[in-house]
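Q: Got a structure for you, written out below as structure tokens; questions coming shortly.
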Amino acid sequence: MPVRALLLCLSLVATAALAGEKPCITYKAPPPAEDDRPVATSITVGPQGSDYAFKVDFNRPPWGDECGTRCANTTIFLDTDNDKNTGLKLRDPKSPVTGADLSISIQGQREYKDSSSFSVLRVKVRQYSEEATSVEQGSMLAELDLRRDTERINAAEKTIYLLIDANIGNLPAGPKVRVVYQPPEAKPIIGTAKGLNAPGANRVEIFKEGKLTNPMKKKRSDYE
């Protein structure tokens, strides 16, 4: 399958994965200055099988030639069991980030090689245990790159689609997740979304090995 067709397919699959889910976080970004990085304006999170699916909209393309060396550097925190007693333990127990079990950092970058340069899009996933007392102390679970991880990360204009494997690490799970995002020079924004243990969350695996899969229909019993 041609690369463009594959990316379109993945974009459609990721969109289907979050069909019916409303953004758990919205942010009205001020008009950007010339040197401002792209800012997330809408974040949608939902469970898909054993993955967390993300759809993150930005006010400008978050990576590529348009943003140059000032591309997105956005971190989303996820409290996967909506319990502040697990996960990150900041000194300020009232901080919205306290209790986060996972952080997802979306980074648009530019790499230089010899006399040329090219744009890259990376996503870093960290897990926090109860021993972690700062956001830098998380354990790196995964580093996704758009060039090689097309089954889990995709970009379409101003939108980034992600599938984060919840089986890596030892993440707690619950029926509800708490999502935290802090825009630049603004107060943190908190939202909630369905967790992996929400009713019906694991019933259908939409996205698997880069392919759209349909659930098998259950056979009706002869005694029904």
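Convention: chains lettered A, B, ... in structure tokens order; per-chain residue numbering from 1; ligands numbered from 1 as shown.
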According to DSSP computed on the backbone, where in stretch 78-211 of chain A is there strand (DSSP E or B)? Give the residues as a CSV table (one decimal) with N, CA and C atoms, in the first residue's frame.

A:
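Okay, result25.csv is ready:
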chain,number,residue,atom,x,y,z
A,78,LEU,N,-1.7,11.7,32.4
A,78,LEU,CA,-2.8,10.8,32.5
A,78,LEU,C,-2.8,10.1,33.8
A,79,ASP,N,-3.8,10.2,34.6
A,79,ASP,CA,-4.0,9.5,35.9
A,79,ASP,C,-4.9,8.3,35.5
A,102,LEU,N,1.0,8.5,34.0
A,102,LEU,CA,1.6,8.4,32.6
A,102,LEU,C,1.7,9.8,32.1
A,103,SER,N,2.8,10.1,31.4
A,103,SER,CA,2.9,11.4,30.6
A,103,SER,C,3.2,11.0,29.2
A,104,ILE,N,2.6,11.8,28.3
A,104,ILE,CA,2.8,11.7,26.8
A,104,ILE,C,3.3,13.0,26.3
A,105,SER,N,4.5,13.0,25.8
A,105,SER,CA,5.1,14.3,25.3
A,105,SER,C,5.2,14.2,23.8
A,106,ILE,N,4.5,15.2,23.2
A,106,ILE,CA,4.5,15.3,21.7
A,106,ILE,C,5.6,16.3,21.3
A,107,GLN,N,6.6,16.0,20.5
A,107,GLN,CA,7.7,16.9,20.2
A,107,GLN,C,7.9,16.9,18.7
A,108,GLY,N,7.7,18.1,18.1
A,108,GLY,CA,8.1,18.3,16.7
A,108,GLY,C,9.5,18.8,16.8
A,109,GLN,N,10.4,18.2,16.0
A,109,GLN,CA,11.8,18.6,16.1
A,109,GLN,C,12.4,18.6,14.7
A,110,ARG,N,13.6,19.2,14.7
A,110,ARG,CA,14.4,19.2,13.4
A,110,ARG,C,15.7,18.6,13.6
A,111,GLU,N,16.1,17.6,12.8
A,111,GLU,CA,17.3,16.9,12.9
A,111,GLU,C,18.3,17.4,11.8
A,112,TYR,N,19.5,17.5,12.1
A,112,TYR,CA,20.6,17.9,11.2
A,112,TYR,C,21.5,16.8,10.9
A,113,LYS,N,21.8,16.6,9.6
A,113,LYS,CA,22.7,15.6,9.1
A,113,LYS,C,23.5,16.1,8.0
A,116,SER,N,22.3,19.0,5.5
A,116,SER,CA,20.9,19.1,5.4
A,116,SER,C,20.2,18.9,6.7
A,117,SER,N,18.9,19.2,6.7
A,117,SER,CA,18.1,19.0,7.9
A,117,SER,C,16.7,18.5,7.5
A,118,PHE,N,16.0,17.9,8.4
A,118,PHE,CA,14.7,17.3,8.1
A,118,PHE,C,13.8,17.3,9.4
A,119,SER,N,12.5,17.4,9.2
A,119,SER,CA,11.6,17.4,10.4
A,119,SER,C,11.3,16.0,10.9
A,120,VAL,N,11.1,15.9,12.2
A,120,VAL,CA,10.7,14.6,12.8
A,120,VAL,C,9.6,14.9,13.8
A,121,LEU,N,8.8,13.9,14.0
A,121,LEU,CA,7.8,14.0,15.1
A,121,LEU,C,8.0,12.8,16.0
A,122,ARG,N,8.2,13.1,17.3
A,122,ARG,CA,8.4,12.0,18.2
A,122,ARG,C,7.4,12.1,19.4
A,123,VAL,N,7.1,11.0,20.0
A,123,VAL,CA,6.3,11.0,21.2
A,123,VAL,C,7.0,10.1,22.3
A,124,LYS,N,7.2,10.7,23.4
A,124,LYS,CA,7.8,10.0,24.6
A,124,LYS,C,6.8,9.7,25.6
A,125,VAL,N,6.8,8.4,26.1
A,125,VAL,CA,5.8,8.0,27.1
A,125,VAL,C,6.6,7.6,28.4
A,126,ARG,N,6.2,8.2,29.5
A,126,ARG,CA,6.8,7.9,30.8
A,126,ARG,C,5.8,7.4,31.7
A,127,GLN,N,6.2,6.5,32.6
A,127,GLN,CA,5.4,6.1,33.7
A,127,GLN,C,5.9,6.6,35.0
A,139,SER,N,9.8,6.7,34.5
A,139,SER,CA,10.5,5.6,33.7
A,139,SER,C,10.1,5.7,32.3
A,140,MET,N,11.0,5.8,31.3
A,140,MET,CA,10.7,5.8,29.9
A,140,MET,C,10.1,4.5,29.5
A,141,LEU,N,8.9,4.5,29.0
A,141,LEU,CA,8.3,3.2,28.5
A,141,LEU,C,8.4,3.1,27.0
A,142,ALA,N,8.3,4.2,26.3
A,142,ALA,CA,8.4,4.1,24.8
A,142,ALA,C,8.8,5.4,24.2
A,143,GLU,N,9.5,5.4,23.1
A,143,GLU,CA,9.8,6.6,22.3
A,143,GLU,C,9.3,6.3,20.9
A,144,LEU,N,8.2,6.9,20.5
A,144,LEU,CA,7.6,6.6,19.2
A,144,LEU,C,8.1,7.7,18.2
A,145,ASP,N,8.3,7.3,17.0
A,145,ASP,CA,8.8,8.1,15.9
A,145,ASP,C,7.9,7.9,14.7
A,153,ILE,N,1.3,6.2,15.6
A,153,ILE,CA,1.4,7.6,15.6
A,153,ILE,C,1.1,8.1,14.1
A,154,ASN,N,0.3,9.1,14.0
A,154,ASN,CA,0.0,9.7,12.7
A,154,ASN,C,-0.3,11.1,12.8
A,155,ALA,N,0.0,11.9,11.8
A,155,ALA,CA,-0.2,13.3,11.8
A,155,ALA,C,-1.0,13.7,10.5
A,156,ALA,N,-2.0,14.5,10.7
A,156,ALA,CA,-2.8,15.0,9.6
A,156,ALA,C,-3.1,16.5,9.8
A,159,THR,N,-3.5,18.0,13.4
A,159,THR,CA,-4.0,16.9,14.3
A,159,THR,C,-3.0,15.8,14.4
A,160,ILE,N,-2.7,15.3,15.7
A,160,ILE,CA,-1.9,14.2,15.9
A,160,ILE,C,-2.8,13.1,16.5
A,161,TYR,N,-2.7,11.9,15.9
A,161,TYR,CA,-3.4,10.7,16.4
A,161,TYR,C,-2.4,9.7,17.1
A,162,LEU,N,-2.7,9.2,18.2
A,162,LEU,CA,-1.8,8.3,18.9
A,162,LEU,C,-2.6,7.1,19.5
A,163,LEU,N,-1.9,6.0,19.5
A,163,LEU,CA,-2.3,4.8,20.3
A,163,LEU,C,-1.2,4.4,21.2
A,164,ILE,N,-1.5,4.5,22.5
A,164,ILE,CA,-0.5,4.2,23.5
A,164,ILE,C,-0.8,2.9,24.2
A,165,ASP,N,0.1,1.9,24.1
A,165,ASP,CA,-0.1,0.6,24.6
A,165,ASP,C,-0.2,0.6,26.2
A,176,LYS,N,-12.4,5.3,34.9
A,176,LYS,CA,-12.3,6.7,34.5
A,176,LYS,C,-10.8,7.1,34.6
A,177,VAL,N,-10.3,7.9,33.6
A,177,VAL,CA,-9.0,8.5,33.7
A,177,VAL,C,-9.1,10.0,33.8
A,178,ARG,N,-8.1,10.6,34.5
A,178,ARG,CA,-8.0,12.0,34.7
A,178,ARG,C,-6.9,12.5,33.8
A,179,VAL,N,-7.2,13.5,33.0
A,179,VAL,CA,-6.3,14.1,32.0
A,179,VAL,C,-5.9,15.5,32.4
A,180,VAL,N,-4.6,15.8,32.4
A,180,VAL,CA,-4.2,17.1,32.8
A,180,VAL,C,-3.3,17.7,31.7
A,181,TYR,N,-3.5,18.9,31.3
A,181,TYR,CA,-2.7,19.6,30.3
A,181,TYR,C,-2.5,21.1,30.8
A,189,ILE,N,-5.4,22.6,32.9
A,189,ILE,CA,-6.7,22.3,32.5
A,189,ILE,C,-6.9,20.8,32.8
A,190,ILE,N,-8.0,20.4,33.5
A,190,ILE,CA,-8.2,19.1,33.9
A,190,ILE,C,-9.5,18.5,33.3
A,191,GLY,N,-9.5,17.3,32.8
A,191,GLY,CA,-10.6,16.7,32.2
A,191,GLY,C,-10.7,15.2,32.6
A,192,THR,N,-11.8,14.6,32.3
A,192,THR,CA,-11.9,13.1,32.6
A,192,THR,C,-12.4,12.4,31.3
A,193,ALA,N,-12.0,11.2,31.2
A,193,ALA,CA,-12.4,10.4,30.0
A,193,ALA,C,-12.6,8.9,30.5
A,194,LYS,N,-13.2,8.1,29.6
A,194,LYS,CA,-13.4,6.7,29.9
A,194,LYS,C,-12.0,6.0,30.1
A,207,PHE,N,-8.1,-1.3,16.3
A,207,PHE,CA,-6.8,-1.0,15.7
A,207,PHE,C,-5.8,-2.1,16.1
A,208,LYS,N,-5.3,-2.9,15.2
A,208,LYS,CA,-4.3,-3.9,15.6
A,208,LYS,C,-3.4,-4.2,14.5
A,211,LYS,N,-4.0,-2.5,11.2
A,211,LYS,CA,-5.1,-2.9,10.3
A,211,LYS,C,-6.4,-2.7,11.1

Q: Just the number, please: distance in Å from atom CA of A:Asp57 to atom CA of A:Pro30, one decimal.

A: 14.9 Å

Q: Find, counting only C-alpha atoms, the residue in A:Gly87, A:Gly49, A:Gly174, A:Pro62 that gets nearest to A:Ser134.

A: A:Gly87

Q: Which residue out of A:Pro184, A:Leu146, A:Asp36, A:Val45 has the minimum interatomic distance to A:Cys24 when only C-alpha atoms are used?

A: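 Closest residue, counting only C-alpha atoms: A:Val45.
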
Q: Go through A:Pro32, A:Pro172, A:Asp101, A:Ala53 one by one, measure the shortest atom-to-atom distance of each to A:Cys67 using only C-alpha atoms, and give the residue with the smallest value.

A: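 Checking each of A:Pro32, A:Pro172, A:Asp101, A:Ala53 against A:Cys67, counting only C-alpha atoms, the winner is A:Pro32.
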
Q: Run DSSP on the backbone and tell me which residues of stretch 9-190 of chain A come out as helix (DSSP H, G or I); list them as JSON, numbers by chain.

A: {"A": [9, 10, 11, 12, 13, 14, 15, 16, 17, 135, 136, 137]}

Q: Generate the output file for the selected residues, C-alpha atoms, as a compact mmCIF listing (two decimals), in the first residue's frame.

A:
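Result went into selection_2.txt, see below:
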# COMPACT_ATOMS: atom_id res chain seq x y z
CA CYS A 9 -6.12 4.68 6.44
CA LEU A 10 -4.48 5.07 9.84
CA SER A 11 -5.97 8.53 10.25
CA LEU A 12 -9.44 7.16 9.50
CA VAL A 13 -8.92 4.27 11.90
CA ALA A 14 -7.80 6.59 14.69
CA THR A 15 -10.80 8.80 14.03
CA ALA A 16 -13.06 5.76 14.20
CA ALA A 17 -11.37 4.73 17.43
CA VAL A 135 8.03 14.88 36.37
CA GLU A 136 11.64 14.15 35.38
CA GLN A 137 11.72 10.94 37.47

Q: Report as a list in words all protein, DNA and RNA residues lying within 10 Å of A:Gln182, evaluated on only C-alpha atoms, omitting residues in the same chain fewer than 6 positions from it.

A: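 Neighbouring residues, sequence-local ones excluded: Tyr27, Ala40, Thr74, Thr75, Ile76, Phe77, Pro96, Val97, Pro188, Ile189 and Ile190 of chain A.
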
Q: Please compute the atom CA of A:Pro31-atom CA of A:Glu157 distance, one decimal, in Å.

A: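 Going from atom CA of A:Pro31 over to atom CA of A:Glu157 covers 18.5 Å.
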
Q: Considering only C-alpha atoms, state which residue in the set A:Thr41, A:Thr150, A:Thr69, A:Asn167 is at the smallest distance from A:Lys55.

A: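 Nearest to A:Lys55: A:Thr41.
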
Q: So how far away is atom CA of A:Pro61 from atom CA of A:Ala100, in Å?

A: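 If I compute the distance from atom CA of A:Ala100 to atom CA of A:Pro61, I get 27.4 Å.
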